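J.: So that you have it, the file is work_2.txt, and it contains compact mmCIF, C-alpha atoms and all ligand atoms:
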```txt
# COMPACT_ATOMS: atom_id res chain seq x y z
CA MET K 47 -21.77 -8.27 -14.12
CA THR K 48 -21.35 -9.34 -10.51
CA GLN K 49 -20.57 -6.75 -7.91
CA ALA K 50 -17.21 -7.25 -6.17
CA PRO K 51 -17.42 -7.54 -2.39
CA ALA K 52 -16.75 -4.22 -0.67
CA HIS K 53 -13.64 -5.41 1.10
CA THR K 54 -11.71 -8.54 0.21
CA LEU K 55 -8.42 -8.86 2.02
CA PRO K 56 -6.16 -11.59 0.66
CA ALA K 57 -4.83 -14.40 2.83
CA ASN K 58 -1.33 -13.67 4.22
CA PHE K 59 -2.11 -9.98 4.49
CA GLU K 60 -1.34 -9.53 8.18
CA ILE K 61 2.30 -9.13 9.12
CA GLY K 62 1.83 -9.01 12.90
CA ILE K 63 2.57 -5.36 13.67
CA ALA K 64 -0.77 -3.94 14.73
CA GLU K 65 -0.32 -0.35 13.56
CA LEU K 66 1.10 -1.35 10.18
CA ASP K 67 -1.62 -3.96 9.67
CA ALA K 68 -4.22 -1.26 10.32
CA GLN K 69 -2.55 1.05 7.81
CA HIS K 70 -2.33 -1.72 5.19
CA LYS K 71 -6.05 -2.40 5.60
CA ARG K 72 -6.83 1.27 5.10
CA LEU K 73 -4.68 1.40 1.95
CA HIS K 74 -6.29 -1.77 0.66
CA GLY K 75 -9.77 -0.37 1.25
CA LEU K 76 -8.89 2.88 -0.52
CA LEU K 77 -7.47 1.00 -3.51
CA GLU K 78 -10.60 -1.12 -3.78
CA ARG K 79 -12.70 2.05 -3.69
CA LEU K 80 -10.43 3.60 -6.32
CA ARG K 81 -10.80 0.61 -8.62
CA ASP K 82 -14.58 0.67 -8.15
CA ALA K 83 -14.81 4.44 -8.76
CA VAL K 84 -12.89 4.29 -12.04
CA GLY K 85 -14.87 1.18 -13.03
CA LYS K 86 -18.06 3.23 -12.66
CA HIS K 87 -16.46 6.28 -14.34
CA TYR K 88 -16.97 8.42 -11.23
CA GLY K 89 -14.47 11.19 -11.98
CA TYR K 90 -14.95 13.28 -8.85
CA ALA K 91 -14.83 10.27 -6.51
CA THR K 92 -11.71 9.01 -8.28
CA THR K 93 -9.89 12.29 -7.65
CA ALA K 94 -11.01 12.45 -3.99
CA ILE K 95 -9.94 8.86 -3.27
CA LEU K 96 -6.63 9.40 -5.04
CA ASP K 97 -5.90 12.44 -2.87
CA GLU K 98 -6.65 10.46 0.28
CA LEU K 99 -4.56 7.56 -0.94
CA THR K 100 -1.60 9.83 -1.67
CA ILE K 101 -1.66 11.16 1.92
CA GLU K 102 -2.18 7.72 3.53
CA THR K 103 0.62 6.26 1.41
CA ARG K 104 3.02 9.03 2.40
CA ILE K 105 2.26 8.46 6.09
CA HIS K 106 2.51 4.69 5.84
CA PHE K 107 5.82 4.69 3.98
CA ALA K 108 7.32 7.25 6.38
CA VAL K 109 6.33 5.10 9.38
CA GLU K 110 7.71 1.91 7.84
CA GLU K 111 10.92 3.50 6.61
CA SER K 112 11.72 5.10 9.96
CA LEU K 113 10.92 1.85 11.78
CA MET K 114 13.31 -0.03 9.48
CA ARG K 115 16.03 2.59 10.02
CA MET K 116 15.57 2.69 13.80
CA LEU K 117 15.88 -1.08 13.96
CA SER K 118 18.81 -1.24 11.48
CA PHE K 119 17.11 -3.39 8.88
CA PRO K 120 19.91 -4.08 6.35
CA ASP K 121 17.78 -3.98 3.17
CA VAL K 122 16.13 -0.66 3.90
CA GLU K 123 17.27 1.01 0.66
CA SER K 124 15.82 -1.65 -1.63
CA HIS K 125 12.60 -1.49 0.37
CA VAL K 126 12.51 2.30 0.00
CA ALA K 127 13.02 1.86 -3.76
CA GLU K 128 9.96 -0.42 -3.83
CA HIS K 129 7.94 2.25 -2.06
CA GLN K 130 9.15 4.79 -4.63
CA SER K 131 7.89 2.55 -7.43
CA LEU K 132 4.40 2.70 -5.91
CA ARG K 133 4.61 6.48 -5.64
CA ASP K 134 5.54 6.53 -9.34
CA GLN K 135 2.56 4.30 -10.17
CA LEU K 136 0.22 6.62 -8.27
CA GLU K 137 1.64 9.59 -10.18
CA LYS K 138 1.11 7.73 -13.45
CA PHE K 139 -2.43 6.96 -12.31
CA ARG K 140 -3.08 10.62 -11.49
CA LYS K 141 -2.12 11.63 -15.05
CA ARG K 142 -4.45 9.04 -16.58
CA ALA K 143 -7.19 9.11 -13.91
CA GLN K 144 -9.95 10.37 -16.20
CA ASP K 145 -9.04 7.89 -18.95
CA PHE K 146 -11.22 5.32 -17.21
CA ASP K 147 -10.29 2.13 -19.06
CA VAL K 148 -6.56 2.70 -18.57
CA ALA K 149 -7.15 3.88 -14.99
CA GLU K 150 -9.16 0.76 -14.10
CA ASP K 151 -6.27 -1.47 -15.19
CA LEU K 152 -3.81 0.71 -13.31
CA ALA K 153 -5.90 0.64 -10.13
CA ALA K 154 -6.08 -3.16 -10.29
CA PHE K 155 -2.33 -3.29 -10.87
CA ILE K 156 -1.63 -1.05 -7.86
CA LEU K 157 -3.94 -3.11 -5.64
CA GLN K 158 -2.06 -6.26 -6.65
CA TRP K 159 1.23 -4.45 -6.03
CA LEU K 160 0.13 -3.68 -2.46
CA ASN K 161 -0.88 -7.30 -1.80
CA ASP K 162 2.44 -8.60 -3.14
CA HIS K 163 4.53 -5.95 -1.39
CA VAL K 164 2.98 -6.62 2.02
CA ASP K 165 3.34 -10.36 1.72
CA ARG K 166 6.92 -10.26 0.44
CA PHE K 167 8.76 -7.06 1.38
CA ASP K 168 6.97 -6.01 4.57
CA ARG K 169 7.08 -9.53 5.94
CA GLU K 170 10.87 -9.54 5.38
CA PHE K 171 11.54 -6.80 7.90
CA VAL K 172 9.16 -8.32 10.45
CA ASP K 173 11.02 -11.62 10.14
CA HIS K 174 14.32 -9.77 10.55
CA PHE K 175 13.10 -8.10 13.76
CA LEU K 176 11.81 -11.36 15.19
CA ARG K 177 15.05 -13.19 14.36
CA ALA K 178 16.97 -10.41 16.11
CA GLY K 179 14.77 -10.82 19.18
CA ILE K 180 13.09 -7.42 18.68
CA ASP K 181 9.36 -7.12 19.21
CA PRO K 182 8.33 -4.52 16.59
CA ASN K 183 5.02 -3.99 18.38
CA ALA K 184 6.91 -2.72 21.41
CA VAL K 185 8.80 -0.23 19.23
CA SER K 186 5.71 0.97 17.42
CA GLY K 187 4.02 1.63 20.76
CA ARG K 188 1.48 -1.21 20.83
FE FE B 1 3.65 -1.61 4.14
FE FE B 2 6.73 -1.55 2.65
```
Taking this structure as input, can you express it in the form of structure tokens?
Ligand SMILES: [Fe+2]
Ligand SMILES: [Fe+2]

T.:
Amino acid sequence: MTQAPAHTLPANFEIGIAELDAQHKRLHGLLERLRDAVGKHYGYATTAILDELTIETRIHFAVEESLMRMLSFPDVESHVAEHQSLRDQLEKFRKRAQDFDVAEDLAAFILQWLNDHVDRFDREFVDHFLRAGIDPNAVSGR
């Protein structure tokens, strides 16, 4: 079996808001570590990474959601619902975390969810800000 590279960010992963890009990279790294830990049946590491991921996810979603509300992004509620679906997936993962085969599939699913969400949903609000002539980096303090 070949070892996956430690950190493999997909193309189209950067959305152009420095702070959010940094948070996405952290989440991506944690999800890769989570997938690797369950793949190796490391129970303790899986729990520790999951705890960190839960905190980082909460922070990231709060930042994004308040940014969207401050800048009057019209589709904020559907975006929030997407975030809730990831929270639900993480909760599902937590319940099955020590069932390693199921957990490995779930971790891979969540990692793919993040990639898709960033490229589709997060990019939508950046495009909206740019079309409206708002520089989101100025708002987020960069
Ligand atoms: Fe995001
Ligand atoms: Fe998002």

J.: Could you jot down the atom CA of Ala91 of chain K to atom CA of Val164 of chain K separation for me, Å, one decimal place?

T.: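 Atom-to-atom, atom CA of Ala91 of chain K and atom CA of Val164 of chain K are spaced 26.0 Å apart.
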
J.: Have a look at K:Glu98, K:Glu110, K:Asp173, K:Glu150 and name the one nearest to ligand FE 2 (chain B); count all atoms listed in the file.

T.: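 Checking each of K:Glu98, K:Glu110, K:Asp173, K:Glu150 against ligand FE 2 (chain B), counting all atoms listed in the file, the winner is K:Glu110.
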
J.: When you draw a straight line from atom CA of Ile63 of chain K to atom CA of Asn183 of chain K, how long is it in Å?

T.: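 Computing it gives 5.5 Å between the two atoms.
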
J.: For atom CA of Thr54 of chain K and atom CA of Asn161 of chain K, determine how far apart the two atoms are, in Å to one decimal place.

T.: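 Separation of atom CA of Thr54 of chain K and atom CA of Asn161 of chain K: 11.1 Å.
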
J.: Please provide the set of residues having any atom within 12 Å of segment 77-85 of chain K, restricted to only C-alpha atoms, with same-chain residues fewer than 4 positions apart removed, written as JSON, numbers by chain.

T.: {"K": [47, 49, 50, 51, 52, 53, 54, 55, 70, 71, 72, 73, 89, 90, 91, 92, 93, 94, 95, 96, 97, 98, 99, 100, 102, 103, 136, 139, 140, 142, 143, 144, 145, 146, 147, 148, 149, 150, 151, 152, 153, 154, 155, 156, 157, 158, 159, 160, 161]}

J.: Compute the set of protein, DNA and RNA residues whose minimum atom distance to ligand FE 2 (chain B) is at most 12 Å, using all atoms listed in the file, and state it as a compact mmCIF listing (two decimals) with C-alpha atoms, in the frame of the given file.

T.:
```
# COMPACT_ATOMS: atom_id res chain seq x y z
CA ILE K 61 2.30 -9.13 9.12
CA LEU K 66 1.10 -1.35 10.18
CA ASP K 67 -1.62 -3.96 9.67
CA GLN K 69 -2.55 1.05 7.81
CA HIS K 70 -2.33 -1.72 5.19
CA LEU K 73 -4.68 1.40 1.95
CA THR K 103 0.62 6.26 1.41
CA ARG K 104 3.02 9.03 2.40
CA ILE K 105 2.26 8.46 6.09
CA HIS K 106 2.51 4.69 5.84
CA PHE K 107 5.82 4.69 3.98
CA ALA K 108 7.32 7.25 6.38
CA VAL K 109 6.33 5.10 9.38
CA GLU K 110 7.71 1.91 7.84
CA GLU K 111 10.92 3.50 6.61
CA SER K 112 11.72 5.10 9.96
CA LEU K 113 10.92 1.85 11.78
CA MET K 114 13.31 -0.03 9.48
CA ASP K 121 17.78 -3.98 3.17
CA VAL K 122 16.13 -0.66 3.90
CA GLU K 123 17.27 1.01 0.66
CA SER K 124 15.82 -1.65 -1.63
CA HIS K 125 12.60 -1.49 0.37
CA VAL K 126 12.51 2.30 0.00
CA ALA K 127 13.02 1.86 -3.76
CA GLU K 128 9.96 -0.42 -3.83
CA HIS K 129 7.94 2.25 -2.06
CA GLN K 130 9.15 4.79 -4.63
CA SER K 131 7.89 2.55 -7.43
CA LEU K 132 4.40 2.70 -5.91
CA ARG K 133 4.61 6.48 -5.64
CA TRP K 159 1.23 -4.45 -6.03
CA LEU K 160 0.13 -3.68 -2.46
CA ASN K 161 -0.88 -7.30 -1.80
CA ASP K 162 2.44 -8.60 -3.14
CA HIS K 163 4.53 -5.95 -1.39
CA VAL K 164 2.98 -6.62 2.02
CA ASP K 165 3.34 -10.36 1.72
CA ARG K 166 6.92 -10.26 0.44
CA PHE K 167 8.76 -7.06 1.38
CA ASP K 168 6.97 -6.01 4.57
CA ARG K 169 7.08 -9.53 5.94
CA GLU K 170 10.87 -9.54 5.38
CA PHE K 171 11.54 -6.80 7.90
CA VAL K 172 9.16 -8.32 10.45
```

J.: For Leu117 of chain K, list every protein, DNA or RNA residue within 9 Å, evaluated using all atoms listed in the file, and leave out those in the same chain fewer than 5 positions away; present the list as a ChimeraX atom specification.

T.: /K:112,175,180,182,185

J.: Around all the atoms of segment 130-139 of chain K listed in the file, with 4 Å of room on each side, what axis-aligned box do you get, giving centre and edge lengths in Å to one decimal, as lines of an AutoDock Vina configuration file?

T.:
```
center_x = 3.4
center_y = 6.1
center_z = -9.0
size_x = 19.6
size_y = 15.0
size_z = 16.8
```

J.: Counting only C-alpha atoms and all ligand atoms, figure out which residue out of K:Ala64, K:Asp181, K:His174, K:Asp134 gets nearest to ligand FE 1 (chain B).

T.: K:Ala64

J.: So, with only C-alpha atoms and all ligand atoms as the atoms that count, which of K:Gln135, K:Gly179, K:Glu65, K:Leu76 lies closest to ligand FE 1 (chain B)?

T.: K:Glu65

J.: Under the rule that all atoms listed in the file are counted, which of K:Arg177, K:Lys138, K:His87, K:His74 is the nearest residue to ligand FE 1 (chain B)?

T.: K:His74
